[in-house]
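Engineer: What follows is the file query-v4.pdb, containing PDB, C-alpha atoms:
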ATOM      1  CA  MET A  22     -13.331 -13.940 -15.823  1.00  0.00           C
ATOM      2  CA  LEU A  23     -10.534 -11.500 -15.047  1.00  0.00           C
ATOM      3  CA  LEU A  24      -8.547 -10.943 -11.895  1.00  0.00           C
ATOM      4  CA  GLU A  25      -6.285  -8.117 -10.907  1.00  0.00           C
ATOM      5  CA  ILE A  26      -3.142  -9.043  -8.988  1.00  0.00           C
ATOM      6  CA  THR A  27      -1.605  -6.221  -6.948  1.00  0.00           C
ATOM      7  CA  ALA A  28       1.812  -7.092  -5.558  1.00  0.00           C
ATOM      8  CA  ILE A  29       3.738  -4.748  -3.307  1.00  0.00           C
ATOM      9  CA  ILE A  30       7.365  -5.881  -3.429  1.00  0.00           C
ATOM     10  CA  ARG A  31      10.945  -4.836  -2.764  1.00  0.00           C
ATOM     11  CA  ARG A  32      12.505  -2.438  -5.245  1.00  0.00           C
ATOM     12  CA  ASP A  33      15.301  -4.810  -6.250  1.00  0.00           C
ATOM     13  CA  LYS A  34      12.865  -7.632  -7.037  1.00  0.00           C
ATOM     14  CA  VAL A  35      11.064  -5.884  -9.880  1.00  0.00           C
ATOM     15  CA  ALA A  36      13.393  -7.125 -12.628  1.00  0.00           C
ATOM     16  CA  PRO A  37      13.450 -10.791 -11.455  1.00  0.00           C
ATOM     17  CA  THR A  38       9.657 -10.718 -11.141  1.00  0.00           C
ATOM     18  CA  MET A  39       9.287  -9.291 -14.641  1.00  0.00           C
ATOM     19  CA  ARG A  40      11.604 -11.939 -16.109  1.00  0.00           C
ATOM     20  CA  ALA A  41       9.749 -14.739 -14.328  1.00  0.00           C
ATOM     21  CA  LEU A  42       6.349 -13.468 -15.475  1.00  0.00           C
ATOM     22  CA  ASP A  43       7.678 -13.081 -19.032  1.00  0.00           C
ATOM     23  CA  ALA A  44       8.626 -16.755 -18.978  1.00  0.00           C
ATOM     24  CA  ILE A  45       5.014 -17.833 -18.402  1.00  0.00           C
ATOM     25  CA  GLY A  46       3.702 -15.449 -21.041  1.00  0.00           C
ATOM     26  CA  LEU A  47       2.600 -12.473 -19.011  1.00  0.00           C
ATOM     27  CA  GLY A  48       4.609  -9.595 -20.389  1.00  0.00           C
ATOM     28  CA  SER A  49       2.318  -6.721 -19.547  1.00  0.00           C
ATOM     29  CA  MET A  50       2.110  -5.015 -16.210  1.00  0.00           C
ATOM     30  CA  THR A  51       1.897  -1.644 -14.511  1.00  0.00           C
ATOM     31  CA  ILE A  52       4.617  -0.610 -12.070  1.00  0.00           C
ATOM     32  CA  THR A  53       4.146   2.204  -9.573  1.00  0.00           C
ATOM     33  CA  THR A  54       6.614   3.718  -7.148  1.00  0.00           C
ATOM     34  CA  VAL A  55       5.031   3.609  -3.706  1.00  0.00           C
ATOM     35  CA  SER A  56       6.034   3.880  -0.066  1.00  0.00           C
ATOM     36  CA  GLY A  57       4.836   1.284   2.339  1.00  0.00           C
ATOM     37  CA  ARG A  58       4.807   0.209   5.938  1.00  0.00           C
ATOM     38  CA  GLY A  59       3.696  -3.010   7.536  1.00  0.00           C
ATOM     39  CA  LEU A  60       2.665  -4.125  10.994  1.00  0.00           C
ATOM     40  CA  GLN A  61       5.977  -2.840  12.417  1.00  0.00           C
ATOM     41  CA  GLY A  62       4.973   0.697  11.411  1.00  0.00           C
ATOM     42  CA  GLY A  63       8.126   1.093   9.364  1.00  0.00           C
ATOM     43  CA  ASN A  64      11.613  -0.250   9.846  1.00  0.00           C
ATOM     44  CA  VAL A  65      13.649  -0.344  13.050  1.00  0.00           C
ATOM     45  CA  MET A  66      17.275  -1.128  12.377  1.00  0.00           C
ATOM     46  CA  THR A  67      18.172  -2.859  15.651  1.00  0.00           C
ATOM     47  CA  ASP A  68      21.284  -4.382  14.121  1.00  0.00           C
ATOM     48  CA  ILE A  69      23.137  -1.123  13.622  1.00  0.00           C
ATOM     49  CA  ASP A  70      22.509   0.131  17.138  1.00  0.00           C
ATOM     50  CA  ARG A  71      24.969  -1.356  19.643  1.00  0.00           C
ATOM     51  CA  GLU A  72      23.774   0.911  22.451  1.00  0.00           C
ATOM     52  CA  VAL A  73      20.387  -0.776  22.825  1.00  0.00           C
ATOM     53  CA  PRO A  74      20.194  -2.198  26.381  1.00  0.00           C
ATOM     54  CA  ALA A  75      19.752  -5.924  26.774  1.00  0.00           C
ATOM     55  CA  GLU A  76      16.145  -5.736  27.910  1.00  0.00           C
ATOM     56  CA  TYR A  77      15.249  -4.244  24.541  1.00  0.00           C
ATOM     57  CA  GLU A  78      16.680  -7.245  22.716  1.00  0.00           C
ATOM     58  CA  SER A  79      13.577  -7.561  20.616  1.00  0.00           C
ATOM     59  CA  VAL A  80      11.940  -4.260  19.891  1.00  0.00           C
ATOM     60  CA  SER A  81       8.897  -5.976  18.483  1.00  0.00           C
ATOM     61  CA  LYS A  82       8.121  -7.496  21.896  1.00  0.00           C
ATOM     62  CA  ILE A  83       7.366  -4.100  23.332  1.00  0.00           C
ATOM     63  CA  THR A  84       3.628  -3.655  23.492  1.00  0.00           C
ATOM     64  CA  ARG A  85       3.181  -0.412  25.386  1.00  0.00           C
ATOM     65  CA  HIS A  86       3.769   1.535  22.190  1.00  0.00           C
ATOM     66  CA  LEU A  87       1.681   1.597  19.073  1.00  0.00           C
ATOM     67  CA  THR A  88       4.369   0.147  16.828  1.00  0.00           C
ATOM     68  CA  PRO A  89       8.009  -0.830  17.257  1.00  0.00           C
ATOM     69  CA  ALA A  90       8.932   2.167  15.121  1.00  0.00           C
ATOM     70  CA  SER A  91       7.174   4.664  17.381  1.00  0.00           C
ATOM     71  CA  PHE A  92       8.810   3.030  20.415  1.00  0.00           C
ATOM     72  CA  ALA A  93      12.228   3.432  18.833  1.00  0.00           C
ATOM     73  CA  LEU A  94      11.568   7.080  18.081  1.00  0.00           C
ATOM     74  CA  VAL A  95      10.469   7.900  21.639  1.00  0.00           C
ATOM     75  CA  HIS A  96      13.406   6.100  23.231  1.00  0.00           C
ATOM     76  CA  SER A  97      15.994   7.282  20.691  1.00  0.00           C
ATOM     77  CA  LEU A  98      17.103   3.681  20.194  1.00  0.00           C
ATOM     78  CA  THR A  99      17.562   3.896  16.476  1.00  0.00           C
ATOM     79  CA  ARG A 100      16.434   6.125  13.704  1.00  0.00           C
ATOM     80  CA  PRO A 101      13.234   4.456  12.564  1.00  0.00           C
ATOM     81  CA  VAL A 102      12.236   4.638   8.914  1.00  0.00           C
ATOM     82  CA  PHE A 103       8.496   5.217   8.799  1.00  0.00           C
ATOM     83  CA  TRP A 104       8.043   4.787   5.073  1.00  0.00           C
ATOM     84  CA  ILE A 105       9.949   2.155   3.152  1.00  0.00           C
ATOM     85  CA  PRO A 106      10.321   2.582  -0.616  1.00  0.00           C
ATOM     86  CA  LYS A 107       8.502  -0.193  -2.464  1.00  0.00           C
ATOM     87  CA  ARG A 108       7.259  -0.987  -5.940  1.00  0.00           C
ATOM     88  CA  MET A 109       3.656  -1.913  -6.708  1.00  0.00           C
ATOM     89  CA  ILE A 110       3.069  -4.241  -9.656  1.00  0.00           C
ATOM     90  CA  GLN A 111      -0.404  -4.641 -11.088  1.00  0.00           C
ATOM     91  CA  ILE A 112      -1.224  -7.411 -13.548  1.00  0.00           C
ATOM     92  CA  VAL A 113      -4.548  -8.389 -15.067  1.00  0.00           C
ATOM     93  CA  ILE A 114      -4.807 -12.148 -15.652  1.00  0.00           C
ATOM     94  CA  PRO A 115      -7.437 -14.712 -16.608  1.00  0.00           C
ATOM     95  CA  SER A 116      -8.672 -16.377 -13.422  1.00  0.00           C
ATOM     96  CA  ALA A 117      -7.385 -19.795 -14.567  1.00  0.00           C
ATOM     97  CA  MET A 118      -3.784 -18.596 -14.161  1.00  0.00           C
ATOM     98  CA  LYS A 119      -4.275 -17.358 -10.605  1.00  0.00           C
ATOM     99  CA  GLU A 120      -2.432 -20.122  -8.729  1.00  0.00           C
ATOM    100  CA  ASP A 121       0.548 -20.125 -11.115  1.00  0.00           C
ATOM    101  CA  VAL A 122       1.018 -16.375 -10.949  1.00  0.00           C
ATOM    102  CA  ILE A 123       0.717 -16.154  -7.164  1.00  0.00           C
ATOM    103  CA  ASP A 124       3.129 -19.057  -6.599  1.00  0.00           C
ATOM    104  CA  LEU A 125       5.588 -17.493  -9.022  1.00  0.00           C
ATOM    105  CA  ILE A 126       5.469 -14.030  -7.465  1.00  0.00           C
ATOM    106  CA  MET A 127       5.827 -15.471  -3.973  1.00  0.00           C
ATOM    107  CA  SER A 128       8.760 -17.749  -4.835  1.00  0.00           C
ATOM    108  CA  VAL A 129      10.669 -14.990  -6.649  1.00  0.00           C
ATOM    109  CA  ASN A 130      10.119 -12.383  -3.936  1.00  0.00           C
ATOM    110  CA  ARG A 131      10.575 -14.473  -0.812  1.00  0.00           C
ATOM    111  CA  THR A 132      13.711 -13.687   1.190  1.00  0.00           C
ATOM    112  CA  GLY A 133      12.290 -14.742   4.548  1.00  0.00           C
ATOM    113  CA  TRP A 134      12.725 -11.306   6.110  1.00  0.00           C
ATOM    114  CA  MET A 135      10.079  -8.803   7.076  1.00  0.00           C
ATOM    115  CA  GLY A 136       9.283  -6.458   4.223  1.00  0.00           C
ATOM    116  CA  ASP A 137       8.887  -9.082   1.511  1.00  0.00           C
ATOM    117  CA  GLY A 138       5.521  -7.557   0.713  1.00  0.00           C
ATOM    118  CA  LYS A 139       1.965  -8.594   0.021  1.00  0.00           C
ATOM    119  CA  VAL A 140      -0.035  -9.939  -2.896  1.00  0.00           C
ATOM    120  CA  PHE A 141      -3.678  -8.963  -3.252  1.00  0.00           C
ATOM    121  CA  VAL A 142      -6.157 -10.602  -5.605  1.00  0.00           C
ATOM    122  CA  SER A 143      -9.251  -8.666  -6.554  1.00  0.00           C
ATOM    123  CA  PRO A 144     -12.048  -9.254  -9.062  1.00  0.00           C
ATOM    124  CA  LEU A 145     -12.135  -7.075 -12.161  1.00  0.00           C
ATOM    125  CA  GLU A 146     -15.330  -6.306 -13.985  1.00  0.00           C
ATOM    126  CA  GLU A 147     -14.221  -5.122 -17.408  1.00  0.00           C
ATOM    127  CA  SER A 148     -11.082  -4.713 -19.468  1.00  0.00           C
ATOM    128  CA  LEU A 149     -10.795  -2.897 -22.772  1.00  0.00           C
ATOM    129  CA  ARG A 150      -7.932  -2.415 -25.222  1.00  0.00           C
ATOM    130  CA  ILE A 151      -8.073   1.202 -26.291  1.00  0.00           C
ATOM    131  CA  ARG A 152      -6.439   0.704 -29.706  1.00  0.00           C
ATOM    132  CA  THR A 153      -8.859  -1.939 -31.043  1.00  0.00           C
ATOM    133  CA  GLY A 154     -11.788  -1.857 -28.655  1.00  0.00           C
ATOM    134  CA  GLU A 155     -11.453  -5.555 -27.777  1.00  0.00           C
ATOM    135  CA  ARG A 156     -13.000  -6.465 -24.455  1.00  0.00           C
ATOM    136  CA  GLY A 157     -12.483  -9.081 -21.771  1.00  0.00           C
ATOM    137  CA  LEU A 158     -10.004 -11.921 -22.263  1.00  0.00           C
ATOM    138  CA  ALA A 159      -9.071 -10.773 -25.778  1.00  0.00           C
ATOM    139  CA  SER A 160      -7.813  -7.478 -24.425  1.00  0.00           C
ATOM    140  CA  ILE A 161      -5.114  -8.775 -22.106  1.00  0.00           C
TER     141      ILE A 161
ATOM    142  CA  MET B  20     -11.656  -8.308   2.653  1.00  0.00           C
ATOM    143  CA  LYS B  21     -11.701  -4.805   1.251  1.00  0.00           C
ATOM    144  CA  MET B  22      -9.163  -2.355  -0.117  1.00  0.00           C
ATOM    145  CA  ILE B  23      -9.677   1.180   1.114  1.00  0.00           C
ATOM    146  CA  ARG B  24      -8.132   3.902  -1.016  1.00  0.00           C
ATOM    147  CA  ALA B  25      -8.173   7.336   0.534  1.00  0.00           C
ATOM    148  CA  ILE B  26      -7.120  10.382  -1.468  1.00  0.00           C
ATOM    149  CA  VAL B  27      -6.326  13.088   1.065  1.00  0.00           C
ATOM    150  CA  ARG B  28      -4.597  16.457   1.323  1.00  0.00           C
ATOM    151  CA  PRO B  29      -0.797  16.034   1.503  1.00  0.00           C
ATOM    152  CA  GLU B  30      -0.651  18.179   4.651  1.00  0.00           C
ATOM    153  CA  LYS B  31      -3.171  15.871   6.359  1.00  0.00           C
ATOM    154  CA  GLU B  32      -1.242  12.695   5.580  1.00  0.00           C
ATOM    155  CA  ASN B  33       0.565  12.555   8.905  1.00  0.00           C
ATOM    156  CA  ASP B  34      -2.626  13.151  10.908  1.00  0.00           C
ATOM    157  CA  VAL B  35      -4.386  10.328   9.076  1.00  0.00           C
ATOM    158  CA  VAL B  36      -1.484   7.903   9.506  1.00  0.00           C
ATOM    159  CA  LEU B  37      -1.121   8.636  13.222  1.00  0.00           C
ATOM    160  CA  ALA B  38      -4.870   8.308  13.773  1.00  0.00           C
ATOM    161  CA  LEU B  39      -4.920   4.934  11.995  1.00  0.00           C
ATOM    162  CA  GLU B  40      -1.874   3.763  13.948  1.00  0.00           C
ATOM    163  CA  ALA B  41      -3.619   4.696  17.207  1.00  0.00           C
ATOM    164  CA  LYS B  42      -6.603   2.542  16.222  1.00  0.00           C
ATOM    165  CA  GLY B  43      -4.328  -0.420  15.465  1.00  0.00           C
ATOM    166  CA  PHE B  44      -3.945  -0.193  11.692  1.00  0.00           C
ATOM    167  CA  PRO B  45      -0.255   0.595  11.116  1.00  0.00           C
ATOM    168  CA  ALA B  46       0.098  -1.135   7.746  1.00  0.00           C
ATOM    169  CA  MET B  47      -0.564   0.817   4.573  1.00  0.00           C
ATOM    170  CA  THR B  48       0.861   1.907   1.232  1.00  0.00           C
ATOM    171  CA  LYS B  49       1.240   5.511   0.147  1.00  0.00           C
ATOM    172  CA  THR B  50       1.573   7.122  -3.275  1.00  0.00           C
ATOM    173  CA  ASN B  51       1.830  10.720  -4.324  1.00  0.00           C
ATOM    174  CA  VAL B  52      -0.825  11.394  -6.923  1.00  0.00           C
ATOM    175  CA  PHE B  53      -2.305  14.337  -8.800  1.00  0.00           C
ATOM    176  CA  GLY B  54      -6.000  14.808  -9.162  1.00  0.00           C
ATOM    177  CA  ARG B  55      -8.869  17.145  -9.607  1.00  0.00           C
ATOM    178  CA  GLY B  56     -12.463  17.028  -8.545  1.00  0.00           C
ATOM    179  CA  LYS B  57     -15.825  18.469  -9.462  1.00  0.00           C
ATOM    180  CA  GLN B  58     -14.432  22.001  -9.384  1.00  0.00           C
ATOM    181  CA  LYS B  59     -11.976  21.090 -12.190  1.00  0.00           C
ATOM    182  CA  GLY B  60      -8.957  22.201 -10.228  1.00  0.00           C
ATOM    183  CA  ILE B  61      -8.539  25.524  -8.533  1.00  0.00           C
ATOM    184  CA  LYS B  62      -8.336  29.102  -9.769  1.00  0.00           C
ATOM    185  CA  VAL B  63      -6.077  31.494  -7.897  1.00  0.00           C
ATOM    186  CA  GLY B  64      -6.328  34.937  -9.466  1.00  0.00           C
ATOM    187  CA  PRO B  65      -5.579  34.594 -13.175  1.00  0.00           C
ATOM    188  CA  ILE B  66      -3.867  31.210 -12.768  1.00  0.00           C
ATOM    189  CA  HIS B  67      -5.765  27.962 -13.169  1.00  0.00           C
ATOM    190  CA  TYR B  68      -4.296  24.848 -11.497  1.00  0.00           C
ATOM    191  CA  ASP B  69      -5.609  21.817 -13.313  1.00  0.00           C
ATOM    192  CA  GLU B  70      -3.943  19.085 -11.269  1.00  0.00           C
ATOM    193  CA  LEU B  71      -3.617  19.315  -7.523  1.00  0.00           C
ATOM    194  CA  PRO B  72      -1.137  17.235  -5.507  1.00  0.00           C
ATOM    195  CA  LYS B  73      -2.729  14.650  -3.217  1.00  0.00           C
ATOM    196  CA  VAL B  74      -1.619  11.607  -1.267  1.00  0.00           C
ATOM    197  CA  MET B  75      -3.309   8.266  -1.837  1.00  0.00           C
ATOM    198  CA  LEU B  76      -3.272   5.803   1.070  1.00  0.00           C
ATOM    199  CA  MET B  77      -4.161   2.178   0.403  1.00  0.00           C
ATOM    200  CA  ILE B  78      -5.178  -0.103   3.261  1.00  0.00           C
ATOM    201  CA  VAL B  79      -6.438  -3.666   2.990  1.00  0.00           C
ATOM    202  CA  ALA B  80      -8.641  -4.671   5.912  1.00  0.00           C
ATOM    203  CA  ASN B  81     -11.215  -7.192   7.052  1.00  0.00           C
ATOM    204  CA  ASP B  82     -14.816  -6.333   6.224  1.00  0.00           C
ATOM    205  CA  ALA B  83     -15.612  -5.701   9.898  1.00  0.00           C
ATOM    206  CA  ASP B  84     -12.845  -3.093  10.239  1.00  0.00           C
ATOM    207  CA  VAL B  85     -13.853  -1.086   7.170  1.00  0.00           C
ATOM    208  CA  PRO B  86     -16.410   1.239   8.858  1.00  0.00           C
ATOM    209  CA  VAL B  87     -13.909   1.987  11.652  1.00  0.00           C
ATOM    210  CA  ILE B  88     -11.100   2.838   9.231  1.00  0.00           C
ATOM    211  CA  VAL B  89     -13.353   4.965   7.037  1.00  0.00           C
ATOM    212  CA  GLU B  90     -14.544   6.912  10.070  1.00  0.00           C
ATOM    213  CA  VAL B  91     -10.980   7.428  11.353  1.00  0.00           C
ATOM    214  CA  ILE B  92      -9.797   8.713   7.957  1.00  0.00           C
ATOM    215  CA  ARG B  93     -12.855  10.965   7.654  1.00  0.00           C
ATOM    216  CA  ASN B  94     -12.258  12.579  11.022  1.00  0.00           C
ATOM    217  CA  ALA B  95      -8.505  12.990  10.528  1.00  0.00           C
ATOM    218  CA  ALA B  96      -8.600  14.304   6.946  1.00  0.00           C
ATOM    219  CA  HIS B  97     -11.589  16.594   7.342  1.00  0.00           C
ATOM    220  CA  VAL B  98     -11.020  20.318   6.882  1.00  0.00           C
ATOM    221  CA  GLY B  99     -14.424  21.347   5.605  1.00  0.00           C
ATOM    222  CA  TYR B 100     -13.406  22.807   2.267  1.00  0.00           C
ATOM    223  CA  GLU B 101     -13.470  21.476  -1.273  1.00  0.00           C
ATOM    224  CA  GLY B 102     -10.410  19.324  -1.887  1.00  0.00           C
ATOM    225  CA  ASP B 103     -10.587  17.260   1.274  1.00  0.00           C
ATOM    226  CA  GLY B 104     -10.532  14.149  -0.883  1.00  0.00           C
ATOM    227  CA  LYS B 105     -12.372  10.890  -1.331  1.00  0.00           C
ATOM    228  CA  ILE B 106     -12.431   7.400   0.154  1.00  0.00           C
ATOM    229  CA  PHE B 107     -13.055   4.433  -2.121  1.00  0.00           C
ATOM    230  CA  VAL B 108     -13.710   0.866  -0.935  1.00  0.00           C
ATOM    231  CA  SER B 109     -13.253  -2.054  -3.351  1.00  0.00           C
ATOM    232  CA  PRO B 110     -13.355  -5.834  -2.914  1.00  0.00           C
ATOM    233  CA  VAL B 111     -10.216  -7.973  -2.476  1.00  0.00           C
ATOM    234  CA  SER B 112     -10.791 -11.724  -2.626  1.00  0.00           C
ATOM    235  CA  GLU B 113      -7.439 -12.957  -1.292  1.00  0.00           C
ATOM    236  CA  ALA B 114      -4.316 -11.542   0.330  1.00  0.00           C
ATOM    237  CA  TYR B 115      -0.954 -13.283   0.668  1.00  0.00           C
ATOM    238  CA  THR B 116       2.029 -12.482   2.872  1.00  0.00           C
ATOM    239  CA  ILE B 117       5.063 -13.204   0.701  1.00  0.00           C
ATOM    240  CA  ARG B 118       7.454 -13.907   3.606  1.00  0.00           C
ATOM    241  CA  THR B 119       5.370 -16.754   5.055  1.00  0.00           C
ATOM    242  CA  GLY B 120       3.114 -17.627   2.128  1.00  0.00           C
ATOM    243  CA  GLU B 121       0.166 -17.221   4.480  1.00  0.00           C
ATOM    244  CA  LYS B 122      -3.195 -16.722   2.788  1.00  0.00           C
ATOM    245  CA  THR B 123      -6.075 -14.634   4.104  1.00  0.00           C
ATOM    246  CA  GLU B 124      -9.507 -14.674   2.484  1.00  0.00           C
TER     247      GLU B 124
END
Please express what this file holds, its structure, as structure tokens.
Structural biologist:
Amino acid sequence: MLLEITAIIRRDKVAPTMRALDAIGLGSMTITTVSGRGLQGGNVMTDIDREVPAEYESVSKITRHLTPASFALVHSLTRPVFWIPKRMIQIVIPSAMKEDVIDLIMSVNRTGWMGDGKVFVSPLEESLRIRTGERGLASI
Amino acid sequence: MKMIRAIVRPEKENDVVLALEAKGFPAMTKTNVFGRGKQKGIKVGPIHYDELPKVMLMIVANDADVPVIVEVIRNAAHVGYEGDGKIFVSPVSEAYTIRTGEKTE
């Protein structure tokens, strides 16, 4: 039984993640350059903007707008970043290794700040090594 | 949970994103991709374009939200000509938020 792990992570965490996965014997992966946005609708850099009035102390508390980022744009508080550069890592693993791999990816990538990313686990029906024609577990 | 992958015209990307945001789905991932469809690209005069630039949007959502999202993307990305793109829905068994370690099934 095969699973596909799709992790969307910070750009600077690709190398540590690769090293950590190498250490448990998973050397192969696919890396894609993607742009992402989360529930905040992008990034609002409140820290760099000293002009924000006190009642806006937490932009994410404001609910009249669709996202904090669109609020910031309308009120010229900061320059919101609507798309944040991210890397997407895709790994195919046997289902027995699921817990190990997810724990590893989460511990390496966790900084505690928004934008750490997501890990998705999805079932995979078939896998085939093009060079030899091996299928299933033998192919990964 | 389901992953929705929508391959849309690059010029329609902003419309789709704003429409999804208005319905309460601000979170997504975007990639620039190249693709071709049934028409095998496009022919403009003597020149044949084999690969056409598209934008792929990936959204993971609860099963109940999938029809809503698909409908929103359809309405926002629709032009009525070949090349409007495709929407694919595939299963996702688990999703984790790395910051909190929270698990959603």
Engineer: Counting all atoms listed in the file, what are the residues of chain B within 8 Å of chain A, and for each of them which pair of atoms is the nearest and at what distance in Å, to one decimal? Sort the table by chain and rising number, as JSON lines.
Structural biologist:
{"residue": "B:Glu40", "atom": "CA", "partner": "A:Leu87", "partner_atom": "CA", "distance": 6.6}
{"residue": "B:Ala41", "atom": "CA", "partner": "A:Leu87", "partner_atom": "CA", "distance": 6.4}
{"residue": "B:Gly43", "atom": "CA", "partner": "A:Leu87", "partner_atom": "CA", "distance": 7.3}
{"residue": "B:Phe44", "atom": "CA", "partner": "A:Leu60", "partner_atom": "CA", "distance": 7.7}
{"residue": "B:Pro45", "atom": "CA", "partner": "A:Gly62", "partner_atom": "CA", "distance": 5.2}
{"residue": "B:Ala46", "atom": "CA", "partner": "A:Gly59", "partner_atom": "CA", "distance": 4.1}
{"residue": "B:Met47", "atom": "CA", "partner": "A:Arg58", "partner_atom": "CA", "distance": 5.6}
{"residue": "B:Thr48", "atom": "CA", "partner": "A:Gly57", "partner_atom": "CA", "distance": 4.2}
{"residue": "B:Lys49", "atom": "CA", "partner": "A:Ser56", "partner_atom": "CA", "distance": 5.1}
{"residue": "B:Thr50", "atom": "CA", "partner": "A:Val55", "partner_atom": "CA", "distance": 4.9}
{"residue": "B:Asn51", "atom": "CA", "partner": "A:Val55", "partner_atom": "CA", "distance": 7.8}
{"residue": "B:Pro110", "atom": "CA", "partner": "A:Ser143", "partner_atom": "CA", "distance": 6.2}
{"residue": "B:Val111", "atom": "CA", "partner": "A:Ser143", "partner_atom": "CA", "distance": 4.2}
{"residue": "B:Ser112", "atom": "CA", "partner": "A:Ser143", "partner_atom": "CA", "distance": 5.2}
{"residue": "B:Glu113", "atom": "CA", "partner": "A:Val142", "partner_atom": "CA", "distance": 5.1}
{"residue": "B:Ala114", "atom": "CA", "partner": "A:Phe141", "partner_atom": "CA", "distance": 4.5}
{"residue": "B:Tyr115", "atom": "CA", "partner": "A:Val140", "partner_atom": "CA", "distance": 5.0}
{"residue": "B:Thr116", "atom": "CA", "partner": "A:Lys139", "partner_atom": "CA", "distance": 4.8}
{"residue": "B:Ile117", "atom": "CA", "partner": "A:Met127", "partner_atom": "CA", "distance": 5.3}
{"residue": "B:Arg118", "atom": "CA", "partner": "A:Gly133", "partner_atom": "CA", "distance": 5.0}
{"residue": "B:Thr119", "atom": "CA", "partner": "A:Gly133", "partner_atom": "CA", "distance": 7.2}
{"residue": "B:Gly120", "atom": "CA", "partner": "A:Met127", "partner_atom": "CA", "distance": 7.0}
Engineer: List the residues matched by the PyMOL selection byres ((chain B and resi 28) around 9) in the displayed structure as a ChimeraX atom specification, ordered by chain and then by residue number.
Structural biologist: /B:26-27,29-32,72-75,96,102-104
Engineer: Quick one: of A:Ile45, A:Ala36, A:Val102, A:Met50, who's nearest to Met118 (chain A), counting only C-alpha atoms?
Structural biologist: A:Ile45
Engineer: Could you work out how far CA of Glu124 (chain B) lies from CA of Val79 (chain B), giving the answer in Å with one decimal?
Structural biologist: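 These atoms are spaced 11.4 Å apart.
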Engineer: Starting from 4 Å padding per side, set up an axis-aligned box that covers all listed atoms of region 143-152 of chain A and hand over centre and edge lengths in Å, one decimal, as lines of an AutoDock Vina configuration file.
Structural biologist:
center_x = -10.9
center_y = -4.0
center_z = -18.1
size_x = 16.9
size_y = 18.5
size_z = 31.2
Engineer: Set the distance at 7 Å and use all atoms listed in the file: which residues neighbour Thr51 (chain A) once local chain neighbours fewer than 3 positions away are removed? I'd like the list as a short mmCIF file (atom, residue, chain, number, x, y, z; two decimals) with C-alpha atoms, keeping the file's coordinate frame.
Structural biologist:
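File produced: result_26.cif:
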data_model
loop_
_atom_site.label_atom_id
_atom_site.label_comp_id
_atom_site.auth_asym_id
_atom_site.auth_seq_id
_atom_site.Cartn_x
_atom_site.Cartn_y
_atom_site.Cartn_z
CA ILE A 110 3.07 -4.24 -9.66
CA GLN A 111 -0.40 -4.64 -11.09
CA ILE A 112 -1.22 -7.41 -13.55
#
Engineer: Which residues are close to Val91 (chain B), i.e. within 12 Å by only C-alpha atoms, leaving aside same-chain residues fewer than 2 positions away? Reply as number ranges by chain.
Structural biologist: B: 25, 34-44, 84-89, 93-97, 106
Engineer: Can you tell me how far CA of Met22 (chain A) sits from CA of Glu147 (chain A), in Å to one decimal?
Structural biologist: 9.0 Å
Engineer: Measuring atom to atom with all atoms listed in the file, identify which of B:Leu76, B:Met22, B:Ile92, B:Glu101 is nearest to Gly60 (chain B).
Structural biologist: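 Closest to Gly60 (chain B), using all atoms listed in the file: B:Glu101.
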Engineer: How many Å separate CA of Ile23 (chain B) from CA of Ser116 (chain A)?
Structural biologist: 22.8 Å
Engineer: Assuming the input is short of atoms at region 43-53 of chain A, produce N, CA and C atoms for that part as a PDB file, in the coordinates of the input.
Structural biologist:
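File written: rebuild_24.pdb
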ATOM      1  N   ASP A  43       7.468 -12.969 -17.585  1.00  0.00           N
ATOM      2  CA  ASP A  43       7.678 -13.081 -19.032  1.00  0.00           C
ATOM      3  C   ASP A  43       7.733 -14.539 -19.459  1.00  0.00           C
ATOM      4  N   ALA A  44       8.411 -15.358 -18.638  1.00  0.00           N
ATOM      5  CA  ALA A  44       8.626 -16.755 -18.978  1.00  0.00           C
ATOM      6  C   ALA A  44       7.328 -17.543 -19.034  1.00  0.00           C
ATOM      7  N   ILE A  45       6.295 -17.117 -18.296  1.00  0.00           N
ATOM      8  CA  ILE A  45       5.014 -17.833 -18.402  1.00  0.00           C
ATOM      9  C   ILE A  45       4.022 -17.068 -19.274  1.00  0.00           C
ATOM     10  N   GLY A  46       4.528 -16.092 -20.033  1.00  0.00           N
ATOM     11  CA  GLY A  46       3.702 -15.449 -21.041  1.00  0.00           C
ATOM     12  C   GLY A  46       2.896 -14.262 -20.576  1.00  0.00           C
ATOM     13  N   LEU A  47       3.292 -13.678 -19.457  1.00  0.00           N
ATOM     14  CA  LEU A  47       2.600 -12.473 -19.011  1.00  0.00           C
ATOM     15  C   LEU A  47       3.594 -11.308 -19.085  1.00  0.00           C
ATOM     16  N   GLY A  48       3.614 -10.642 -20.208  1.00  0.00           N
ATOM     17  CA  GLY A  48       4.609  -9.595 -20.389  1.00  0.00           C
ATOM     18  C   GLY A  48       4.151  -8.245 -19.917  1.00  0.00           C
ATOM     19  N   SER A  49       2.832  -8.070 -19.770  1.00  0.00           N
ATOM     20  CA  SER A  49       2.318  -6.721 -19.547  1.00  0.00           C
ATOM     21  C   SER A  49       1.980  -6.482 -18.083  1.00  0.00           C
ATOM     22  N   MET A  50       2.391  -5.345 -17.606  1.00  0.00           N
ATOM     23  CA  MET A  50       2.110  -5.015 -16.210  1.00  0.00           C
ATOM     24  C   MET A  50       2.248  -3.516 -16.014  1.00  0.00           C
ATOM     25  N   THR A  51       1.751  -3.042 -14.883  1.00  0.00           N
ATOM     26  CA  THR A  51       1.897  -1.644 -14.511  1.00  0.00           C
ATOM     27  C   THR A  51       2.730  -1.586 -13.238  1.00  0.00           C
ATOM     28  N   ILE A  52       3.737  -0.722 -13.234  1.00  0.00           N
ATOM     29  CA  ILE A  52       4.617  -0.610 -12.070  1.00  0.00           C
ATOM     30  C   ILE A  52       4.500   0.797 -11.509  1.00  0.00           C
ATOM     31  N   THR A  53       4.273   0.906 -10.226  1.00  0.00           N
ATOM     32  CA  THR A  53       4.146   2.204  -9.573  1.00  0.00           C
ATOM     33  C   THR A  53       5.167   2.297  -8.445  1.00  0.00           C
TER      34      THR A  53
END
